file upload-v2.csv (CSV, C-alpha atoms)
chain,number,residue,atom,x,y,z
N,70,MET,CA,68.5,131.5,147.9
N,71,THR,CA,69.4,130.4,144.4
N,72,THR,CA,72.2,128.0,144.0
N,73,SER,CA,72.3,128.5,140.3
N,74,ALA,CA,74.3,131.2,138.4
N,75,THR,CA,71.8,131.3,135.7
N,76,THR,CA,68.4,133.0,136.0
N,77,TYR,CA,67.4,133.0,132.4
N,78,ARG,CA,67.3,130.6,129.5
N,79,LEU,CA,67.4,130.9,125.8
N,80,SER,CA,64.1,131.8,124.3
N,81,LYS,CA,62.6,130.3,121.2
N,82,PRO,CA,62.5,132.5,118.1
N,83,SER,CA,59.0,133.9,117.3
N,84,GLY,CA,57.5,136.2,114.8
N,85,ARG,CA,59.9,138.6,113.2
N,86,SER,CA,61.8,139.4,116.4
N,87,LYS,CA,65.5,139.6,115.8
N,88,ILE,CA,67.4,136.8,117.5
N,89,PRO,CA,70.2,138.2,119.7
N,90,GLY,CA,73.6,137.7,118.1
N,91,SER,CA,74.8,136.1,121.3
N,92,THR,CA,72.1,133.4,121.0
N,93,LEU,CA,73.2,132.6,117.4
N,94,THR,CA,76.9,132.5,118.6
N,95,TYR,CA,75.9,130.2,121.5
N,96,MET,CA,74.1,127.8,119.1
N,97,GLN,CA,77.1,127.8,116.6
N,98,THR,CA,79.4,126.7,119.3
N,99,ARG,CA,77.0,124.1,120.6
N,100,ASN,CA,76.7,122.7,117.1
N,101,ARG,CA,80.4,122.4,116.8
N,102,MET,CA,80.7,120.6,120.1
N,103,ARG,CA,77.9,118.2,119.1
N,104,VAL,CA,79.4,117.3,115.8
N,105,PHE,CA,82.9,117.0,117.4
N,106,SER,CA,81.4,114.5,119.9
N,107,LEU,CA,79.7,112.6,117.1
N,108,VAL,CA,82.9,112.2,115.1
N,109,HIS,CA,84.9,111.1,118.2
N,110,LYS,CA,82.2,108.6,119.2
N,111,GLU,CA,82.2,107.0,115.7
N,112,LEU,CA,86.0,107.0,115.6
N,113,LYS,CA,86.2,105.2,119.0
N,114,LYS,CA,83.4,102.7,117.9
N,115,SER,CA,85.3,102.0,114.6
N,116,GLY,CA,88.5,101.0,116.4
N,117,LEU,CA,90.4,103.0,113.7
N,118,SER,CA,93.6,104.6,114.9
N,119,LYS,CA,94.4,108.2,114.2
N,120,ALA,CA,97.3,107.1,112.0
N,121,GLU,CA,95.0,104.9,109.9
N,122,LEU,CA,92.5,107.7,109.7
N,123,ALA,CA,95.3,110.0,108.5
N,124,ASP,CA,96.3,107.5,105.8
N,125,ARG,CA,92.7,107.2,104.6
N,126,ILE,CA,92.3,111.0,104.3
N,127,GLY,CA,95.7,111.5,102.9
N,128,LYS,CA,96.9,113.9,105.6
N,129,GLY,CA,99.8,113.7,108.0
N,130,GLN,CA,99.3,112.3,111.5
N,131,ASP,CA,100.1,115.6,113.0
N,132,ARG,CA,97.5,117.3,111.0
N,133,ILE,CA,94.8,114.7,111.9
N,134,ALA,CA,95.8,115.0,115.6
N,135,HIS,CA,95.5,118.7,115.3
N,136,ILE,CA,92.0,118.5,113.7
N,137,LEU,CA,90.8,115.9,116.3
N,138,ALA,CA,92.0,118.0,119.3
N,139,ALA,CA,89.2,120.7,119.0
N,140,PRO,CA,86.4,121.6,116.7
N,141,GLY,CA,87.3,125.3,116.5
N,142,ASN,CA,88.1,125.4,112.8
N,143,TRP,CA,85.9,122.6,111.5
N,144,THR,CA,83.7,123.1,108.5
N,145,LEU,CA,81.0,120.9,107.0
N,146,ASP,CA,83.6,119.5,104.7
N,147,THR,CA,85.8,118.6,107.6
N,148,VAL,CA,82.9,116.6,109.1
N,149,SER,CA,82.1,115.0,105.8
N,150,ASP,CA,85.7,113.9,105.3
N,151,LEU,CA,86.1,112.5,108.8
N,152,LEU,CA,82.9,110.6,108.9
N,153,PHE,CA,83.3,109.1,105.5
N,154,ALA,CA,86.9,108.1,106.2
N,155,ILE,CA,85.9,106.5,109.5
N,156,ASN,CA,83.5,104.0,108.0
N,157,GLY,CA,81.9,105.4,104.9
N,158,TYR,CA,79.4,107.3,107.0
N,159,GLU,CA,77.5,110.4,106.0
N,160,VAL,CA,75.7,112.7,108.4
N,161,ASP,CA,72.1,111.8,109.2
N,162,TYR,CA,70.5,115.2,109.6
N,163,LYS,CA,67.7,115.5,112.2
N,164,VAL,CA,66.5,118.5,114.2
N,165,SER,CA,65.4,118.7,117.8
N,166,SER,CA,63.9,121.5,119.8
N,167,PRO,CA,65.3,121.4,123.3
N,168,LEU,CA,63.7,124.7,124.2
N,169,ASP,CA,60.3,123.0,124.0
N,170,LYS,CA,61.2,120.7,126.8
N,171,PRO,CA,60.1,121.8,130.3
N,172,ALA,CA,62.7,123.5,132.4
N,173,ARG,CA,64.4,121.3,135.0
N,174,ASN,CA,63.6,122.3,138.6
N,175,GLN,CA,66.9,120.8,139.8
N,176,ASN,CA,70.1,122.6,138.8
N,177,VAL,CA,72.5,120.9,141.1
N,178,PRO,CA,73.6,117.3,141.2
N,179,ASP,CA,71.8,114.8,143.3
N,180,TRP,CA,74.6,114.4,145.7
N,181,LEU,CA,74.4,118.1,146.6
N,182,SER,CA,70.7,118.5,146.7
N,183,ALA,CA,69.8,115.2,148.5
N,184,PRO,CA,69.1,115.8,152.2
N,185,ILE,CA,71.4,114.0,154.7
N,186,LYS,CA,69.4,111.0,156.1
N,187,LYS,CA,69.3,111.0,159.8
N,188,VAL,CA,68.4,107.7,161.6
N,189,LYS,CA,67.0,107.8,165.1
N,190,ILE,CA,68.2,105.0,167.2
N,191,SER,CA,66.2,104.4,170.3
N,192,ASP,CA,68.5,101.8,171.8
N,193,PRO,CA,72.2,101.9,170.8
N,194,THR,CA,72.6,98.3,172.0
N,195,ASP,CA,70.4,97.3,169.0
N,196,ILE,CA,73.1,98.2,166.6
N,197,LYS,CA,74.8,95.1,165.1
N,198,VAL,CA,77.8,95.2,162.8
N,199,ASN,CA,79.1,92.2,161.1
N,200,LEU,CA,82.8,92.5,160.9
N,201,ARG,CA,85.1,90.0,159.3
N,202,ILE,CA,88.9,90.2,159.5
N,203,GLU,CA,90.9,88.1,157.1
N,204,PRO,CA,94.5,88.2,155.8
N,205,ASP,CA,95.0,89.6,152.3
N,206,LYS,CA,96.5,87.0,150.0
N,207,ASP,CA,98.6,89.5,148.2
N,208,SER,CA,100.1,91.3,151.2
N,209,SER,CA,100.7,90.8,154.8
N,210,LYS,CA,97.9,93.2,155.7
N,211,LEU,CA,94.6,92.3,157.4
N,212,VAL,CA,91.5,93.2,155.5
N,213,PHE,CA,88.4,94.5,157.4
N,214,ALA,CA,85.2,93.5,155.7
N,215,PHE,CA,81.7,94.7,156.7
P,83,MET,CA,87.8,129.8,158.9
P,84,LEU,CA,85.4,126.9,159.2
P,85,THR,CA,86.8,123.5,158.5
P,86,TYR,CA,84.9,120.9,156.5
P,87,LYS,CA,85.0,117.1,156.6
P,88,SER,CA,84.9,116.8,152.8
P,89,VAL,CA,84.9,118.9,149.7
P,90,ARG,CA,81.3,118.0,149.2
P,91,ASP,CA,80.4,119.5,152.6
P,92,ALA,CA,82.3,122.6,151.8
P,93,LEU,CA,80.7,122.9,148.4
P,94,GLN,CA,77.3,122.5,149.9
P,95,ALA,CA,78.1,125.2,152.5
P,96,HIS,CA,79.3,127.7,149.8
P,97,LEU,CA,76.7,126.9,147.3
P,98,GLY,CA,74.5,130.0,146.5
P,99,LYS,CA,76.8,132.3,148.4
P,100,THR,CA,80.3,132.2,146.8
P,101,ILE,CA,79.9,129.2,144.5
P,102,PHE,CA,77.1,128.7,142.0
P,103,CYS,CA,76.0,125.9,139.9
P,104,LEU,CA,76.1,126.7,136.1
P,105,PRO,CA,73.4,124.8,134.4
P,106,SER,CA,73.2,124.6,130.6
P,107,LEU,CA,71.2,127.4,129.0
P,108,MET,CA,69.3,124.6,127.3
P,109,LEU,CA,67.7,123.7,130.6
P,110,GLY,CA,65.5,121.1,129.1
P,111,GLU,CA,68.3,118.6,128.7
P,112,GLU,CA,69.8,116.2,131.2
P,113,THR,CA,73.3,117.2,132.3
P,114,PRO,CA,75.6,114.3,133.1
P,115,ARG,CA,78.4,116.6,134.2
P,116,CYS,CA,78.5,119.6,136.4
P,117,VAL,CA,80.2,123.0,136.4
P,118,PHE,CA,80.4,125.2,139.5
P,119,VAL,CA,81.6,128.8,139.2
P,120,SER,CA,82.9,131.5,141.4
P,121,GLU,CA,81.2,134.9,141.3
P,122,GLU,CA,84.1,136.1,139.1
P,123,VAL,CA,83.5,133.4,136.5
P,124,ARG,CA,79.7,133.7,136.8
P,125,ASP,CA,79.9,137.3,135.8
P,126,ALA,CA,82.0,136.4,132.7
P,127,VAL,CA,79.5,133.8,131.4
P,128,GLU,CA,76.1,135.0,132.8
P,129,GLY,CA,73.7,137.2,131.0
P,130,GLU,CA,72.9,138.1,127.4
P,131,TRP,CA,76.0,139.5,125.9
P,132,PRO,CA,75.9,142.2,123.2
P,133,ASP,CA,76.6,141.2,119.6
P,134,THR,CA,80.2,142.5,119.7
P,135,ARG,CA,83.5,140.7,119.4
P,136,GLU,CA,83.8,140.7,123.2
P,137,GLY,CA,80.2,139.6,123.5
P,138,ARG,CA,80.8,136.7,121.1
P,139,ARG,CA,83.9,135.6,123.1
P,140,HIS,CA,81.9,135.4,126.3
P,141,THR,CA,79.0,133.7,124.7
P,142,ARG,CA,81.3,131.0,123.2
P,143,LEU,CA,82.9,130.5,126.6
P,144,ARG,CA,79.4,129.8,128.0
P,145,ALA,CA,78.6,127.4,125.3
P,146,PHE,CA,82.0,125.7,125.8
P,147,LEU,CA,81.3,125.2,129.5
P,148,ASP,CA,77.7,124.1,128.7
P,149,GLY,CA,79.2,121.5,126.3
P,150,PHE,CA,81.1,120.1,129.2
P,151,THR,CA,78.1,120.0,131.4
P,152,GLU,CA,76.0,118.3,128.7
P,153,GLY,CA,78.6,115.5,128.2
P,154,ASP,CA,80.2,116.6,125.0
P,155,GLU,CA,83.6,115.3,123.8
P,156,PHE,CA,86.6,117.0,125.3
P,157,SER,CA,90.3,116.6,124.7
P,158,LEU,CA,92.4,116.7,127.9
P,159,ALA,CA,96.1,117.2,128.2
P,160,GLN,CA,97.7,116.2,131.5
P,161,ASP,CA,101.3,117.3,130.6
P,162,PRO,CA,101.6,121.1,130.6
P,163,PHE,CA,104.8,120.8,128.5
P,164,ASP,CA,103.6,118.3,125.9
P,165,LYS,CA,100.2,119.1,124.7
P,166,PRO,CA,98.7,120.0,121.3
P,167,ARG,CA,98.0,123.7,120.7
P,168,LEU,CA,94.3,122.9,120.4
P,169,ALA,CA,93.8,120.9,123.6
P,170,MET,CA,90.4,121.8,125.0
P,171,ILE,CA,91.4,121.2,128.7
P,172,ALA,CA,95.0,121.2,129.9
P,173,ARG,CA,96.6,120.8,133.3
P,174,VAL,CA,98.7,123.7,134.2
P,175,HIS,CA,102.3,123.6,135.6
P,176,PRO,CA,103.0,122.6,138.3
P,177,VAL,CA,100.9,119.5,137.9
P,178,GLU,CA,100.8,118.9,141.7
P,179,ALA,CA,98.6,122.0,142.1
P,180,GLU,CA,95.9,120.2,140.0
P,181,VAL,CA,94.9,123.5,138.3
P,182,PHE,CA,93.1,122.9,135.0
P,183,ASP,CA,92.7,125.3,132.2
P,184,PHE,CA,89.5,125.2,130.2
P,185,ARG,CA,90.7,126.6,126.8
P,186,CYS,CA,87.9,128.2,124.8
P,187,LEU,CA,90.0,128.8,121.6
P,188,THR,CA,87.5,130.5,119.3
P,189,PRO,CA,87.3,133.3,118.4
P,190,ASN,CA,91.1,133.5,118.4
P,191,PRO,CA,92.8,134.3,120.8
P,192,GLY,CA,90.1,132.9,123.0
P,193,MET,CA,89.5,132.8,126.7
P,194,ARG,CA,90.8,130.7,129.6
P,195,VAL,CA,89.1,129.5,132.7
P,196,LEU,CA,91.1,128.1,135.5
P,197,GLY,CA,89.9,125.8,138.3
P,198,PHE,CA,89.9,122.4,139.8
P,199,PHE,CA,88.0,119.1,139.4
P,200,VAL,CA,86.2,118.6,142.7
P,201,GLU,CA,84.9,115.2,141.7
P,202,ILE,CA,84.9,113.1,138.6
P,203,ASP,CA,82.9,115.0,135.9
P,204,THR,CA,82.6,118.0,138.2
P,205,PHE,CA,84.6,121.1,137.6
P,206,LEU,CA,84.9,124.2,139.8
P,207,ALA,CA,85.8,127.3,137.7
P,208,LEU,CA,87.4,129.9,139.9
P,209,THR,CA,89.2,132.5,137.6
P,210,TRP,CA,89.2,133.5,134.0
P,211,ASP,CA,91.0,135.8,131.6
P,212,TYR,CA,91.4,136.7,128.0
P,213,ARG,CA,94.2,134.6,126.3
P,214,GLU,CA,96.0,137.7,125.1
P,215,ASN,CA,96.6,138.7,128.8
P,216,PHE,CA,98.8,135.6,129.1
P,217,GLU,CA,101.0,136.6,126.2
P,218,GLY,CA,104.7,137.0,126.9
P,219,LYS,CA,104.4,135.2,130.3
P,220,ASP,CA,107.0,132.5,130.8
P,221,ASP,CA,104.8,130.8,133.3
P,222,TRP,CA,101.4,131.1,134.9
P,223,SER,CA,102.6,130.9,138.5
P,224,GLU,CA,100.8,134.0,139.4
P,225,GLU,CA,97.5,132.7,138.0
P,226,VAL,CA,98.0,129.3,139.5
P,227,ASN,CA,98.8,130.8,142.9
P,228,ASP,CA,95.7,133.0,142.7
P,229,CYS,CA,93.6,129.9,141.9
P,230,VAL,CA,95.2,127.8,144.7
P,231,THR,CA,94.6,130.7,147.2
P,232,LYS,CA,91.0,130.9,146.2
P,233,TRP,CA,90.6,127.1,146.6
P,234,GLN,CA,92.2,127.2,150.1
P,235,SER,CA,89.9,130.1,151.1
P,236,LEU,CA,86.9,127.9,150.3
P,237,PHE,CA,88.1,124.4,151.1
P,238,GLY,CA,91.0,124.9,153.6
P,239,SER,CA,93.4,122.1,153.4
P,240,LEU,CA,91.1,119.7,151.6
P,241,PRO,CA,92.7,118.7,148.3
P,242,PRO,CA,91.0,118.9,144.9
P,243,LEU,CA,90.6,115.7,142.8
P,244,LYS,CA,93.9,114.1,141.9
P,245,GLY,CA,93.8,111.6,139.1
P,246,LYS,CA,96.3,109.4,137.3
P,247,THR,CA,94.6,109.3,133.9
P,248,VAL,CA,92.2,111.6,132.1
P,249,TYR,CA,89.4,109.1,132.9
P,250,ASP,CA,89.9,109.9,136.6
P,251,TYR,CA,88.7,113.4,135.8
P,252,ILE,CA,86.2,112.8,133.1
P,253,SER,CA,84.5,109.5,133.0
P,254,TYR,CA,83.5,109.4,129.3
P,255,ASN,CA,83.6,111.4,126.0
P,256,VAL,CA,87.2,112.4,126.7
P,257,SER,CA,90.3,112.0,124.6
P,258,PRO,CA,93.8,112.0,126.2
P,259,VAL,CA,96.0,114.3,124.1
call {"tool": "encode", "arguments": {"input": "upload-v2.csv", "output": "structure tokens"}}
result
Amino acid sequence: MTTSATTYRLSKPSGRSKIPGSTLTYMQTRNRMRVFSLVHKELKKSGLSKAELADRIGKGQDRIAHILAAPGNWTLDTVSDLLFAINGYEVDYKVSSPLDKPARNQNVPDWLSAPIKKVKISDPTDIKVNLRIEPDKDSSKLVFAF
Amino acid sequence: MLTYKSVRDALQAHLGKTIFCLPSLMLGEETPRCVFVSEEVRDAVEGEWPDTREGRRHTRLRAFLDGFTEGDEFSLAQDPFDKPRLAMIARVHPVEAEVFDFRCLTPNPGMRVLGFFVEIDTFLALTWDYRENFEGKDDWSEEVNDCVTKWQSLFGSLPPLKGKTVYDYISYNVSPV
């Protein structure tokens, strides 16, 4: 039984084989999402407000809010403007090749794949639980602490 | 219908049968978040789509969901009646239903995926449609009801994740809008 919806992965380009258009589209969207994340990360780090950023770029706050809501219409110029306005940054271009990394065997989160631990207790009288009951300072309730 | 002690138990029971994990197509990377999909959504994002307009729309939707899985930045609007047009995730009216709309906006008019957060950073996508099929509708009650019915068929009376702030749904790389 497979728990994963995906049975294939993108393949690395080789020779003169035409890359499927869908692969290029996938990578374009991925690139937009990545640069969108980068700009937001730097904006948060800078402590700059959206209003201040709007002033620096010379656009209205509504326009900046619109731009920062999604990367759909971003161009390289958009990225350049935003990063420079945030803190005088420019993009530090690097490349990586995620398809060269080995495929993961695990496609579900740990909490779903981890087996439930069963503990065998030979003598139930051996079980000891430390239970402390004390009044909560902020309310009239009792607090049970293990 | 079987009853489950928790959403996790139910998810585990349905996994590989009616619910599937959707790993990023870039399988070599760590994925800090998780997307589960119904068969319906799986069929919309799985496979190699042709290089047509429709194919590009489905491919972008897959990349959009993979972006979530891989921990990319998302804007999230909790108020269905006060949100920017470009919000990437938005809660749908009525908010009590906790149905969220993943809004893949490009190429315009985009595609929509509806579902629930089952845990923080974990989304279950149950239904989808092209954005143009929502045009002219005053509300999405039909779509929300469909989504809720599907949830109940899987999880019974167990509730989806209910949060107060956007950080209760997505722990990091999220902007409230």
call {"tool": "residues_around", "arguments": {"input": "upload-v2.csv", "residues": "Leu158 in chain P", "least_positions_apart": "2", "cutoff": "10 Å", "atoms": "only C-alpha atoms", "output": "ChimeraX atom specification"}}
result
/N:138 /P:155-156,160-161,165-166,168-173,182-184,247-249,251-252,256-259
call {"tool": "residues_around", "arguments": {"input": "upload-v2.csv", "residues": "Phe105 in chain N", "least_positions_apart": "6", "cutoff": "9 Å", "atoms": "only C-alpha atoms", "output": "PyMOL selection string"}}
result
(chain N and resi 137+139-140+143+148) or (chain P and resi 154-156)
call {"tool": "write_last_selection", "arguments": {"input": "upload-v2.csv", "atoms": "C-alpha atoms", "output": "mmCIF file, in the coordinates of the input"}}
result
data_model
loop_
_atom_site.group_PDB
_atom_site.id
_atom_site.type_symbol
_atom_site.label_atom_id
_atom_site.label_comp_id
_atom_site.auth_asym_id
_atom_site.auth_seq_id
_atom_site.Cartn_x
_atom_site.Cartn_y
_atom_site.Cartn_z
ATOM 1 C CA LEU N 137 90.800 115.900 116.300
ATOM 2 C CA ALA N 139 89.200 120.700 119.000
ATOM 3 C CA PRO N 140 86.400 121.600 116.700
ATOM 4 C CA TRP N 143 85.900 122.600 111.500
ATOM 5 C CA VAL N 148 82.900 116.600 109.100
ATOM 6 C CA ASP P 154 80.200 116.600 125.000
ATOM 7 C CA GLU P 155 83.600 115.300 123.800
ATOM 8 C CA PHE P 156 86.600 117.000 125.300
#
call {"tool": "atom_distance", "arguments": {"input": "upload-v2.csv", "atom1": "CA of Cys103 in chain P", "atom2": "CA of Val181 in chain P"}}
result
19.1 Å
call {"tool": "closest_atom_pairs", "arguments": {"input": "upload-v2.csv", "of": "chain P", "to": "chain N", "cutoff": "8 Å", "atoms": "all atoms listed in the file", "output": "JSON lines"}}
result
{"residue": "P:Arg90", "atom": "CA", "partner": "N:Leu181", "partner_atom": "CA", "distance": 7.4}
{"residue": "P:Gln94", "atom": "CA", "partner": "N:Leu181", "partner_atom": "CA", "distance": 6.2}
{"residue": "P:Leu97", "atom": "CA", "partner": "N:Thr72", "partner_atom": "CA", "distance": 5.7}
{"residue": "P:Gly98", "atom": "CA", "partner": "N:Thr72", "partner_atom": "CA", "distance": 3.9}
{"residue": "P:Lys99", "atom": "CA", "partner": "N:Thr72", "partner_atom": "CA", "distance": 7.7}
{"residue": "P:Ile101", "atom": "CA", "partner": "N:Thr72", "partner_atom": "CA", "distance": 7.8}
{"residue": "P:Phe102", "atom": "CA", "partner": "N:Ser73", "partner_atom": "CA", "distance": 5.1}
{"residue": "P:Cys103", "atom": "CA", "partner": "N:Ser73", "partner_atom": "CA", "distance": 4.5}
{"residue": "P:Leu104", "atom": "CA", "partner": "N:Ala74", "partner_atom": "CA", "distance": 5.4}
{"residue": "P:Pro105", "atom": "CA", "partner": "N:Asn176", "partner_atom": "CA", "distance": 5.9}
{"residue": "P:Leu107", "atom": "CA", "partner": "N:Arg78", "partner_atom": "CA", "distance": 5.1}
{"residue": "P:Met108", "atom": "CA", "partner": "N:Leu168", "partner_atom": "CA", "distance": 6.4}
{"residue": "P:Leu109", "atom": "CA", "partner": "N:Ala172", "partner_atom": "CA", "distance": 5.3}
{"residue": "P:Gly110", "atom": "CA", "partner": "N:Lys170", "partner_atom": "CA", "distance": 4.9}
{"residue": "P:Glu111", "atom": "CA", "partner": "N:Pro167", "partner_atom": "CA", "distance": 6.8}
{"residue": "P:Cys116", "atom": "CA", "partner": "N:Pro178", "partner_atom": "CA", "distance": 7.2}
{"residue": "P:Val119", "atom": "CA", "partner": "N:Ala74", "partner_atom": "CA", "distance": 7.7}
{"residue": "P:Arg124", "atom": "CA", "partner": "N:Ala74", "partner_atom": "CA", "distance": 6.2}
{"residue": "P:Glu128", "atom": "CA", "partner": "N:Thr75", "partner_atom": "CA", "distance": 6.4}
{"residue": "P:Gly129", "atom": "CA", "partner": "N:Tyr77", "partner_atom": "CA", "distance": 7.7}
{"residue": "P:Glu130", "atom": "CA", "partner": "N:Ser91", "partner_atom": "CA", "distance": 6.7}
{"residue": "P:Trp131", "atom": "CA", "partner": "N:Ser91", "partner_atom": "CA", "distance": 5.8}
{"residue": "P:Pro132", "atom": "CA", "partner": "N:Ser91", "partner_atom": "CA", "distance": 6.5}
{"residue": "P:Asp133", "atom": "CA", "partner": "N:Gly90", "partner_atom": "CA", "distance": 4.8}
{"residue": "P:Gly137", "atom": "CA", "partner": "N:Ser91", "partner_atom": "CA", "distance": 6.8}
{"residue": "P:Arg138", "atom": "CA", "partner": "N:Ser91", "partner_atom": "CA", "distance": 6.0}
{"residue": "P:Thr141", "atom": "CA", "partner": "N:Tyr95", "partner_atom": "CA", "distance": 5.7}
{"residue": "P:Arg142", "atom": "CA", "partner": "N:Tyr95", "partner_atom": "CA", "distance": 5.7}
{"residue": "P:Arg144", "atom": "CA", "partner": "N:Tyr95", "partner_atom": "CA", "distance": 7.4}
{"residue": "P:Ala145", "atom": "CA", "partner": "N:Tyr95", "partner_atom": "CA", "distance": 5.4}
{"residue": "P:Phe146", "atom": "CA", "partner": "N:Thr98", "partner_atom": "CA", "distance": 7.1}
{"residue": "P:Gly149", "atom": "CA", "partner": "N:Met102", "partner_atom": "CA", "distance": 6.4}
{"residue": "P:Asp154", "atom": "CA", "partner": "N:Ser106", "partner_atom": "CA", "distance": 5.6}
{"residue": "P:Glu155", "atom": "CA", "partner": "N:Ser106", "partner_atom": "CA", "distance": 4.5}
{"residue": "P:Phe156", "atom": "CA", "partner": "N:Ala139", "partner_atom": "CA", "distance": 7.8}
{"residue": "P:Ser157", "atom": "CA", "partner": "N:Ala138", "partner_atom": "CA", "distance": 5.8}
{"residue": "P:Pro166", "atom": "CA", "partner": "N:His135", "partner_atom": "CA", "distance": 6.9}
{"residue": "P:Arg167", "atom": "CA", "partner": "N:His135", "partner_atom": "CA", "distance": 7.8}
{"residue": "P:Leu168", "atom": "CA", "partner": "N:Ala138", "partner_atom": "CA", "distance": 5.5}
{"residue": "P:Ala169", "atom": "CA", "partner": "N:Ala138", "partner_atom": "CA", "distance": 5.5}
{"residue": "P:Met170", "atom": "CA", "partner": "N:Ala139", "partner_atom": "CA", "distance": 6.2}
{"residue": "P:Leu187", "atom": "CA", "partner": "N:Gly141", "partner_atom": "CA", "distance": 6.7}
{"residue": "P:Thr188", "atom": "CA", "partner": "N:Gly141", "partner_atom": "CA", "distance": 5.9}
{"residue": "P:Asn255", "atom": "CA", "partner": "N:Ser106", "partner_atom": "CA", "distance": 7.2}
{"residue": "P:Val259", "atom": "CA", "partner": "N:Ala138", "partner_atom": "CA", "distance": 7.3}
call {"tool": "atom_distance", "arguments": {"input": "upload-v2.csv", "atom1": "CA of Arg115 in chain P", "atom2": "CA of Pro242 in chain P"}}
result
16.7 Å
call {"tool": "atom_distance", "arguments": {"input": "upload-v2.csv", "atom1": "CA of Val177 in chain P", "atom2": "CA of Met193 in chain P"}}
result
20.8 Å
call {"tool": "closest_residue", "arguments": {"input": "upload-v2.csv", "among": "P:Pro162, P:Gly218, P:Gly238, P:Gly197", "to": "Pro176 in chain P", "atoms": "only C-alpha atoms"}}
result
P:Pro162
call {"tool": "closest_residue", "arguments": {"input": "upload-v2.csv", "among": "N:Ile126, N:Ile88, N:Lys163, N:Glu121", "to": "Ser149 in chain N", "atoms": "all atoms listed in the file"}}
result
N:Ile126
call {"tool": "residues_near_point", "arguments": {"input": "upload-v2.csv", "point": "(84.8, 133.0, 135.7)", "cutoff": "6 Å", "atoms": "all atoms listed in the file", "output": "list in words"}}
result
Glu122, Val123, Arg124, Ala126, Leu208, Thr209 and Trp210 of chain P
call {"tool": "build_atoms", "arguments": {"input": "upload-v2.csv", "residues": "range 112-123 of chain P", "atoms": "N, CA, C and O atoms", "output": "mmCIF file, in the frame of the given file"}}
result
data_model
loop_
_atom_site.group_PDB
_atom_site.id
_atom_site.type_symbol
_atom_site.label_atom_id
_atom_site.label_comp_id
_atom_site.auth_asym_id
_atom_site.auth_seq_id
_atom_site.Cartn_x
_atom_site.Cartn_y
_atom_site.Cartn_z
ATOM 1 N N GLU P 112 69.148 116.759 130.040
ATOM 2 C CA GLU P 112 69.800 116.200 131.200
ATOM 3 C C GLU P 112 71.300 116.607 131.141
ATOM 4 O O GLU P 112 71.863 116.825 130.068
ATOM 5 N N THR P 113 71.903 116.769 132.281
ATOM 6 C CA THR P 113 73.300 117.200 132.300
ATOM 7 C C THR P 113 74.117 116.152 133.100
ATOM 8 O O THR P 113 74.054 116.137 134.320
ATOM 9 N N PRO P 114 74.840 115.329 132.395
ATOM 10 C CA PRO P 114 75.600 114.300 133.100
ATOM 11 C C PRO P 114 76.809 114.782 133.845
ATOM 12 O O PRO P 114 77.319 114.091 134.716
ATOM 13 N N ARG P 115 77.275 115.975 133.489
ATOM 14 C CA ARG P 115 78.400 116.600 134.200
ATOM 15 C C ARG P 115 77.952 117.845 134.887
ATOM 16 O O ARG P 115 76.846 118.308 134.658
ATOM 17 N N CYS P 116 78.842 118.420 135.681
ATOM 18 C CA CYS P 116 78.500 119.600 136.400
ATOM 19 C C CYS P 116 79.597 120.635 136.442
ATOM 20 O O CYS P 116 80.759 120.267 136.583
ATOM 21 N N VAL P 117 79.253 121.894 136.278
ATOM 22 C CA VAL P 117 80.200 123.000 136.400
ATOM 23 C C VAL P 117 79.743 123.908 137.524
ATOM 24 O O VAL P 117 78.588 124.348 137.514
ATOM 25 N N PHE P 118 80.624 124.166 138.466
ATOM 26 C CA PHE P 118 80.400 125.200 139.500
ATOM 27 C C PHE P 118 81.280 126.370 139.155
ATOM 28 O O PHE P 118 82.379 126.195 138.617
ATOM 29 N N VAL P 119 80.816 127.571 139.498
ATOM 30 C CA VAL P 119 81.600 128.800 139.200
ATOM 31 C C VAL P 119 81.686 129.685 140.390
ATOM 32 O O VAL P 119 80.769 129.737 141.215
ATOM 33 N N SER P 120 82.778 130.431 140.448
ATOM 34 C CA SER P 120 82.900 131.500 141.400
ATOM 35 C C SER P 120 82.093 132.700 140.917
ATOM 36 O O SER P 120 81.631 132.716 139.764
ATOM 37 N N GLU P 121 81.948 133.712 141.744
ATOM 38 C CA GLU P 121 81.200 134.900 141.300
ATOM 39 C C GLU P 121 81.955 135.542 140.101
ATOM 40 O O GLU P 121 81.317 136.052 139.180
ATOM 41 N N GLU P 122 83.285 135.502 140.157
ATOM 42 C CA GLU P 122 84.100 136.100 139.100
ATOM 43 C C GLU P 122 83.781 135.422 137.734
ATOM 44 O O GLU P 122 83.555 136.100 136.732
ATOM 45 N N VAL P 123 83.758 134.098 137.739
ATOM 46 C CA VAL P 123 83.500 133.400 136.500
ATOM 47 C C VAL P 123 81.999 133.528 136.116
ATOM 48 O O VAL P 123 81.650 133.676 134.946
#
